[in-house]
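Encoded as structure tokens, the structure appears first; notes follow it.
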Amino acid sequence: MTSIFKKQNDMDIVGQGGKIILFILPFLIAAILFDTYLPRIASLPESISLIRPLGYLLLIPGVILWATAIIQLITGFSKGRLLTTGAYGVARNPIYSSATFLILPGVALLTLTWVYFVVSVFLYVGVMIFIGKEEQQLTKAFGKEYEDYKARVDRLIPFKKPRQK
């Protein structure tokens, strides 16, 4: 069995994840600190607490999508094949997608804390800044197969069809 840490097609399993994590980490730390030490500032009005259950409606599919994507990546990366089905058929970057659109907003609604919505926005920005390099590597490694995949599956927004150029 090949190690998941061995490079495939000149790429490692982390891709641009390290850069994205370093970009988002200060915002996540700030959100946690705000939520912990300044809850009166970080909180949404208690009068909207009836929306709390919506947090579960986002969190549950978010964790399922995230976990599925992680499992697919771990099991599929070492084979050197392009992942295009399952979680990767929903979005080209389902790990980031699930955190951006489902997990972080779900946490924000469950905790009635707006700061996690802000982290979600910065995660989206971070992905958009850094993911282009990974897409260039994938295009180089998989050529037309990756180009066809890009035409079918959106970069980040689940189930959205990409705009045709």
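A note on labels: chains of the structure tokens are A, B, ... as shown, every chain counts residues from 1, and ligands are counted from 1 in their shown order.
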
Sel. of helix (DSSP H, G or I) residues, chain A, as a CSV table (one decimal) with N, CA and C atoms, in the first residue's frame:
chain,number,residue,atom,x,y,z
A,17,GLY,N,-4.1,23.4,1.4
A,17,GLY,CA,-4.8,23.4,2.7
A,17,GLY,C,-4.0,24.1,3.8
A,18,GLY,N,-2.7,23.9,3.8
A,18,GLY,CA,-1.8,24.6,4.8
A,18,GLY,C,-1.9,26.1,4.7
A,19,LYS,N,-1.9,26.6,3.5
A,19,LYS,CA,-2.0,28.1,3.3
A,19,LYS,C,-3.3,28.6,3.7
A,20,ILE,N,-4.4,27.8,3.3
A,20,ILE,CA,-5.7,28.2,3.7
A,20,ILE,C,-5.9,28.2,5.2
A,21,ILE,N,-5.4,27.2,5.8
A,21,ILE,CA,-5.5,27.1,7.3
A,21,ILE,C,-4.8,28.3,7.9
A,22,LEU,N,-3.6,28.6,7.5
A,22,LEU,CA,-2.8,29.7,8.1
A,22,LEU,C,-3.5,31.0,7.8
A,23,PHE,N,-4.2,31.2,6.7
A,23,PHE,CA,-5.0,32.4,6.4
A,23,PHE,C,-6.2,32.5,7.3
A,24,ILE,N,-6.9,31.4,7.6
A,24,ILE,CA,-8.1,31.5,8.3
A,24,ILE,C,-7.9,31.4,9.8
A,25,LEU,N,-6.8,30.8,10.3
A,25,LEU,CA,-6.6,30.6,11.7
A,25,LEU,C,-6.7,31.9,12.6
A,26,PRO,N,-6.1,33.0,12.2
A,26,PRO,CA,-6.3,34.2,13.1
A,26,PRO,C,-7.8,34.6,13.3
A,27,PHE,N,-8.6,34.4,12.2
A,27,PHE,CA,-10.0,34.8,12.3
A,27,PHE,C,-10.8,33.8,13.2
A,28,LEU,N,-10.4,32.5,13.0
A,28,LEU,CA,-11.0,31.5,13.9
A,28,LEU,C,-10.7,31.7,15.3
A,29,ILE,N,-9.4,31.9,15.6
A,29,ILE,CA,-9.0,32.2,17.0
A,29,ILE,C,-9.7,33.4,17.6
A,30,ALA,N,-9.8,34.5,16.7
A,30,ALA,CA,-10.5,35.7,17.2
A,30,ALA,C,-12.0,35.4,17.5
A,31,ALA,N,-12.6,34.6,16.6
A,31,ALA,CA,-14.0,34.3,16.8
A,31,ALA,C,-14.2,33.5,18.1
A,32,ILE,N,-13.3,32.5,18.4
A,32,ILE,CA,-13.4,31.7,19.6
A,32,ILE,C,-13.2,32.6,20.8
A,33,LEU,N,-12.2,33.5,20.8
A,33,LEU,CA,-12.0,34.4,21.9
A,33,LEU,C,-13.2,35.4,22.1
A,34,PHE,N,-13.7,35.9,21.0
A,34,PHE,CA,-14.9,36.8,21.1
A,34,PHE,C,-16.0,36.0,21.8
A,35,ASP,N,-16.3,34.8,21.3
A,35,ASP,CA,-17.4,34.0,21.8
A,35,ASP,C,-17.2,33.7,23.3
A,36,THR,N,-15.9,33.4,23.7
A,36,THR,CA,-15.6,33.0,25.0
A,36,THR,C,-15.6,34.2,26.0
A,37,TYR,N,-14.9,35.3,25.6
A,37,TYR,CA,-14.6,36.4,26.5
A,37,TYR,C,-15.5,37.6,26.4
A,39,PRO,N,-19.1,37.5,25.1
A,39,PRO,CA,-20.3,36.9,24.5
A,39,PRO,C,-21.4,37.9,24.2
A,40,ARG,N,-21.4,38.9,25.0
A,40,ARG,CA,-22.5,39.9,24.8
A,40,ARG,C,-22.3,40.6,23.4
A,41,ILE,N,-21.1,40.8,23.0
A,41,ILE,CA,-20.8,41.4,21.7
A,41,ILE,C,-20.9,40.4,20.6
A,42,ALA,N,-20.5,39.1,20.8
A,42,ALA,CA,-20.5,38.1,19.8
A,42,ALA,C,-21.9,37.5,19.5
A,46,GLU,N,-31.2,37.1,21.4
A,46,GLU,CA,-31.9,35.9,22.0
A,46,GLU,C,-33.3,35.7,21.3
A,47,SER,N,-33.9,36.8,20.9
A,47,SER,CA,-35.2,36.8,20.3
A,47,SER,C,-35.3,35.9,19.0
A,48,ILE,N,-34.2,35.6,18.4
A,48,ILE,CA,-34.2,34.8,17.2
A,48,ILE,C,-33.8,33.4,17.5
A,49,SER,N,-33.8,33.0,18.8
A,49,SER,CA,-33.4,31.7,19.2
A,49,SER,C,-34.2,30.5,18.5
A,50,LEU,N,-35.4,30.9,18.0
A,50,LEU,CA,-36.1,29.8,17.3
A,50,LEU,C,-35.4,29.3,16.0
A,51,ILE,N,-34.4,30.0,15.6
A,51,ILE,CA,-33.7,29.6,14.4
A,51,ILE,C,-32.6,28.6,14.7
A,52,ARG,N,-32.4,28.4,16.0
A,52,ARG,CA,-31.3,27.4,16.5
A,52,ARG,C,-31.4,26.1,15.8
A,53,PRO,N,-32.6,25.5,15.7
A,53,PRO,CA,-32.7,24.1,15.0
A,53,PRO,C,-32.2,24.1,13.6
A,54,LEU,N,-32.2,25.3,12.9
A,54,LEU,CA,-31.6,25.3,11.6
A,54,LEU,C,-30.1,25.0,11.6
A,55,GLY,N,-29.5,25.3,12.7
A,55,GLY,CA,-28.1,24.9,12.9
A,55,GLY,C,-27.8,23.5,12.7
A,56,TYR,N,-28.7,22.6,13.2
A,56,TYR,CA,-28.6,21.2,13.0
A,56,TYR,C,-28.9,20.8,11.6
A,57,LEU,N,-29.8,21.5,10.9
A,57,LEU,CA,-30.1,21.2,9.5
A,57,LEU,C,-28.9,21.5,8.6
A,58,LEU,N,-28.0,22.4,9.1
A,58,LEU,CA,-26.7,22.7,8.3
A,58,LEU,C,-25.6,21.8,8.8
A,59,LEU,N,-25.5,21.6,10.1
A,59,LEU,CA,-24.4,20.9,10.7
A,59,LEU,C,-24.3,19.4,10.3
A,60,ILE,N,-25.5,18.8,10.4
A,60,ILE,CA,-25.5,17.3,10.1
A,60,ILE,C,-25.0,17.0,8.7
A,61,PRO,N,-25.6,17.6,7.7
A,61,PRO,CA,-25.1,17.3,6.3
A,61,PRO,C,-23.7,17.8,6.1
A,62,GLY,N,-23.3,18.9,6.8
A,62,GLY,CA,-22.0,19.5,6.7
A,62,GLY,C,-20.9,18.5,7.2
A,63,VAL,N,-21.2,17.9,8.3
A,63,VAL,CA,-20.2,16.9,8.9
A,63,VAL,C,-20.2,15.7,8.0
A,64,ILE,N,-21.4,15.2,7.5
A,64,ILE,CA,-21.4,14.1,6.6
A,64,ILE,C,-20.6,14.3,5.4
A,65,LEU,N,-20.8,15.5,4.7
A,65,LEU,CA,-20.1,15.8,3.5
A,65,LEU,C,-18.6,15.9,3.8
A,66,TRP,N,-18.2,16.6,4.9
A,66,TRP,CA,-16.8,16.8,5.3
A,66,TRP,C,-16.1,15.4,5.5
A,67,ALA,N,-16.8,14.6,6.3
A,67,ALA,CA,-16.2,13.2,6.6
A,67,ALA,C,-16.1,12.4,5.4
A,68,THR,N,-17.1,12.4,4.6
A,68,THR,CA,-17.1,11.6,3.3
A,68,THR,C,-15.9,12.1,2.4
A,69,ALA,N,-15.7,13.4,2.3
A,69,ALA,CA,-14.6,13.9,1.5
A,69,ALA,C,-13.3,13.5,2.1
A,70,ILE,N,-13.1,13.6,3.4
A,70,ILE,CA,-11.9,13.2,4.0
A,70,ILE,C,-11.6,11.7,3.7
A,71,ILE,N,-12.6,10.9,3.9
A,71,ILE,CA,-12.4,9.4,3.7
A,71,ILE,C,-12.0,9.2,2.2
A,72,GLN,N,-12.8,9.8,1.3
A,72,GLN,CA,-12.5,9.6,-0.1
A,72,GLN,C,-11.0,10.1,-0.4
A,73,LEU,N,-10.6,11.2,0.1
A,73,LEU,CA,-9.3,11.8,-0.1
A,73,LEU,C,-8.2,10.8,0.4
A,74,ILE,N,-8.4,10.4,1.6
A,74,ILE,CA,-7.4,9.5,2.2
A,74,ILE,C,-7.3,8.1,1.4
A,75,THR,N,-8.4,7.6,1.0
A,75,THR,CA,-8.4,6.3,0.3
A,75,THR,C,-8.1,6.4,-1.1
A,76,GLY,N,-8.4,7.6,-1.7
A,76,GLY,CA,-8.2,7.7,-3.2
A,76,GLY,C,-6.9,8.4,-3.6
A,77,PHE,N,-6.3,9.2,-2.8
A,77,PHE,CA,-5.2,10.0,-3.2
A,77,PHE,C,-4.0,9.2,-3.6
A,86,GLY,N,-19.0,11.0,-5.5
A,86,GLY,CA,-19.3,11.1,-4.1
A,86,GLY,C,-19.3,12.6,-3.6
A,87,ALA,N,-18.5,12.9,-2.6
A,87,ALA,CA,-18.4,14.2,-2.1
A,87,ALA,C,-17.8,15.1,-3.2
A,88,TYR,N,-16.9,14.6,-4.0
A,88,TYR,CA,-16.2,15.4,-5.0
A,88,TYR,C,-17.1,15.5,-6.3
A,89,GLY,N,-18.3,14.9,-6.3
A,89,GLY,CA,-19.3,15.2,-7.3
A,89,GLY,C,-20.2,16.3,-6.9
A,94,PRO,N,-14.9,19.7,-1.5
A,94,PRO,CA,-16.0,19.5,-0.6
A,94,PRO,C,-15.6,19.7,0.9
A,95,ILE,N,-14.3,19.6,1.2
A,95,ILE,CA,-13.8,19.8,2.6
A,95,ILE,C,-14.0,21.2,3.0
A,96,TYR,N,-13.6,22.1,2.1
A,96,TYR,CA,-13.7,23.6,2.3
A,96,TYR,C,-15.2,24.0,2.2
A,97,SER,N,-15.9,23.4,1.2
A,97,SER,CA,-17.3,23.7,1.0
A,97,SER,C,-18.1,23.4,2.2
A,98,SER,N,-18.0,22.2,2.7
A,98,SER,CA,-18.8,21.8,3.9
A,98,SER,C,-18.5,22.7,5.1
A,99,ALA,N,-17.3,23.1,5.3
A,99,ALA,CA,-17.0,24.0,6.4
A,99,ALA,C,-17.5,25.4,6.2
A,100,THR,N,-17.4,25.9,4.9
A,100,THR,CA,-17.8,27.3,4.6
A,100,THR,C,-19.3,27.5,4.6
A,101,PHE,N,-20.0,26.6,4.0
A,101,PHE,CA,-21.5,26.8,3.8
A,101,PHE,C,-22.4,26.0,4.8
A,102,LEU,N,-21.8,25.0,5.5
A,102,LEU,CA,-22.7,24.2,6.4
A,102,LEU,C,-22.2,24.2,7.8
A,103,ILE,N,-20.9,23.8,8.1
A,103,ILE,CA,-20.5,23.6,9.4
A,103,ILE,C,-20.4,24.9,10.2
A,104,LEU,N,-19.6,25.9,9.7
A,104,LEU,CA,-19.5,27.1,10.4
A,104,LEU,C,-20.8,27.9,10.6
A,105,PRO,N,-21.6,28.0,9.5
A,105,PRO,CA,-23.0,28.6,9.7
A,105,PRO,C,-23.8,27.8,10.7
A,106,GLY,N,-23.7,26.5,10.6
A,106,GLY,CA,-24.5,25.7,11.6
A,106,GLY,C,-24.1,25.9,13.0
A,107,VAL,N,-22.8,26.0,13.3
A,107,VAL,CA,-22.3,26.4,14.6
A,107,VAL,C,-22.7,27.8,15.0
A,108,ALA,N,-22.7,28.7,14.1
A,108,ALA,CA,-23.2,30.1,14.4
A,108,ALA,C,-24.6,30.1,14.8
A,109,LEU,N,-25.5,29.3,14.1
A,109,LEU,CA,-26.9,29.3,14.4
A,109,LEU,C,-27.1,28.5,15.8
A,110,LEU,N,-26.4,27.4,16.0
A,110,LEU,CA,-26.6,26.7,17.2
A,110,LEU,C,-26.2,27.5,18.4
A,111,THR,N,-25.1,28.3,18.3
A,111,THR,CA,-24.6,29.1,19.4
A,111,THR,C,-25.2,30.5,19.4
A,115,VAL,N,-20.0,35.6,15.0
A,115,VAL,CA,-18.6,35.6,14.7
A,115,VAL,C,-18.2,34.4,13.8
A,116,TYR,N,-19.0,33.3,13.9
A,116,TYR,CA,-18.7,32.1,13.1
A,116,TYR,C,-19.1,32.3,11.6
A,117,PHE,N,-20.1,33.2,11.4
A,117,PHE,CA,-20.5,33.6,10.1
A,117,PHE,C,-19.3,34.3,9.4
A,118,VAL,N,-18.7,35.2,10.2
A,118,VAL,CA,-17.5,36.0,9.7
A,118,VAL,C,-16.4,35.0,9.3
A,119,VAL,N,-16.1,34.0,10.2
A,119,VAL,CA,-15.1,33.1,9.8
A,119,VAL,C,-15.4,32.4,8.5
A,120,SER,N,-16.6,32.0,8.3
A,120,SER,CA,-17.1,31.4,7.1
A,120,SER,C,-16.8,32.2,5.9
A,121,VAL,N,-17.0,33.5,6.0
A,121,VAL,CA,-16.7,34.4,4.9
A,121,VAL,C,-15.2,34.5,4.6
A,122,PHE,N,-14.4,34.5,5.7
A,122,PHE,CA,-13.0,34.5,5.5
A,122,PHE,C,-12.4,33.2,4.9
A,123,LEU,N,-13.1,32.1,5.3
A,123,LEU,CA,-12.7,30.8,4.7
A,123,LEU,C,-13.0,30.8,3.2
A,124,TYR,N,-14.1,31.3,2.8
A,124,TYR,CA,-14.4,31.4,1.4
A,124,TYR,C,-13.4,32.2,0.7
A,125,VAL,N,-13.0,33.4,1.2
A,125,VAL,CA,-12.0,34.3,0.6
A,125,VAL,C,-10.7,33.5,0.5
A,126,GLY,N,-10.3,32.9,1.6
A,126,GLY,CA,-9.0,32.1,1.6
A,126,GLY,C,-9.0,31.1,0.5
A,127,VAL,N,-10.0,30.3,0.4
A,127,VAL,CA,-10.1,29.3,-0.7
A,127,VAL,C,-10.0,29.9,-2.0
A,128,MET,N,-10.7,31.0,-2.2
A,128,MET,CA,-10.7,31.7,-3.6
A,128,MET,C,-9.3,32.2,-3.9
A,129,ILE,N,-8.6,32.7,-2.9
A,129,ILE,CA,-7.2,33.2,-3.1
A,129,ILE,C,-6.2,32.1,-3.4
A,130,PHE,N,-6.3,31.0,-2.7
A,130,PHE,CA,-5.2,30.0,-2.8
A,130,PHE,C,-5.5,28.8,-3.7
A,131,ILE,N,-6.8,28.5,-4.0
A,131,ILE,CA,-7.1,27.2,-4.7
A,131,ILE,C,-6.7,27.2,-6.1
A,132,GLY,N,-6.5,28.4,-6.7
A,132,GLY,CA,-6.1,28.4,-8.1
A,132,GLY,C,-4.8,27.7,-8.4
A,133,LYS,N,-3.8,27.7,-7.6
A,133,LYS,CA,-2.6,27.0,-7.8
A,133,LYS,C,-2.8,25.5,-7.8
A,134,GLU,N,-3.7,25.0,-6.9
A,134,GLU,CA,-4.0,23.6,-6.9
A,134,GLU,C,-4.7,23.2,-8.2
A,135,GLU,N,-5.6,24.1,-8.6
A,135,GLU,CA,-6.3,23.8,-9.9
A,135,GLU,C,-5.3,23.7,-11.1
A,136,GLN,N,-4.3,24.6,-11.1
A,136,GLN,CA,-3.3,24.5,-12.1
A,136,GLN,C,-2.6,23.2,-12.1
A,137,GLN,N,-2.2,22.7,-10.9
A,137,GLN,CA,-1.5,21.4,-10.7
A,137,GLN,C,-2.4,20.3,-11.2
A,138,LEU,N,-3.7,20.4,-10.9
A,138,LEU,CA,-4.6,19.3,-11.3
A,138,LEU,C,-4.8,19.3,-12.8
A,139,THR,N,-4.9,20.5,-13.4
A,139,THR,CA,-5.0,20.6,-14.9
A,139,THR,C,-3.7,20.0,-15.5
A,140,LYS,N,-2.6,20.3,-15.0
A,140,LYS,CA,-1.3,19.7,-15.5
A,140,LYS,C,-1.3,18.2,-15.4
A,141,ALA,N,-1.8,17.7,-14.2
A,141,ALA,CA,-1.7,16.3,-14.0
A,141,ALA,C,-2.8,15.5,-14.7
A,142,PHE,N,-4.0,16.0,-14.9
A,142,PHE,CA,-5.1,15.3,-15.4
A,142,PHE,C,-5.6,15.8,-16.7
A,144,LYS,N,-7.5,17.0,-19.8
A,144,LYS,CA,-8.9,17.1,-20.3
A,144,LYS,C,-9.8,16.5,-19.2
A,145,GLU,N,-9.4,15.5,-18.5
A,145,GLU,CA,-10.3,14.9,-17.5
A,145,GLU,C,-10.6,15.9,-16.4
A,146,TYR,N,-9.6,16.7,-16.0
A,146,TYR,CA,-9.9,17.7,-15.0
A,146,TYR,C,-10.7,18.9,-15.6
A,147,GLU,N,-10.4,19.3,-16.8
A,147,GLU,CA,-11.2,20.3,-17.5
A,147,GLU,C,-12.6,20.0,-17.6
A,148,ASP,N,-12.9,18.7,-18.0
A,148,ASP,CA,-14.3,18.3,-18.1
A,148,ASP,C,-15.0,18.3,-16.7
A,149,TYR,N,-14.2,17.9,-15.7
A,149,TYR,CA,-14.7,17.9,-14.3
A,149,TYR,C,-15.0,19.3,-13.9
A,150,LYS,N,-14.2,20.3,-14.1
A,150,LYS,CA,-14.4,21.7,-13.8
A,150,LYS,C,-15.7,22.2,-14.5
A,151,ALA,N,-16.0,21.7,-15.7
A,151,ALA,CA,-17.1,22.2,-16.4
A,151,ALA,C,-18.4,21.6,-15.8
A,152,ARG,N,-18.3,20.5,-15.0
A,152,ARG,CA,-19.5,19.8,-14.5
A,152,ARG,C,-19.8,20.2,-13.0

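Residues of chain A that DSSP, applied to the backbone, places in strand (DSSP E or B): Gln8, Met11, Ser43 and Thr113 of chain A.
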
Grab the residues selected above and save them as a PDB file, in the first residue's frame with C-alpha atoms.
ATOM      1  CA  GLN A   8       1.097  11.886  -6.534  1.00  0.00           C
ATOM      2  CA  MET A  11       1.017  17.081  -5.464  1.00  0.00           C
ATOM      3  CA  SER A  43     -24.066  36.921  20.381  1.00  0.00           C
ATOM      4  CA  THR A 113     -23.046  33.741  17.641  1.00  0.00           C
TER       5      THR A 113
END

ask   = So what do you get for atom CA of Ala91 of chain A versus atom CA of Leu112 of chain A, distance-wise?
value = 27.5 Å

query = Which distance in Å separates atom CA of Asn93 of chain A and atom CA of Arg81 of chain A, to one decimal?
reply = 15.4 Å
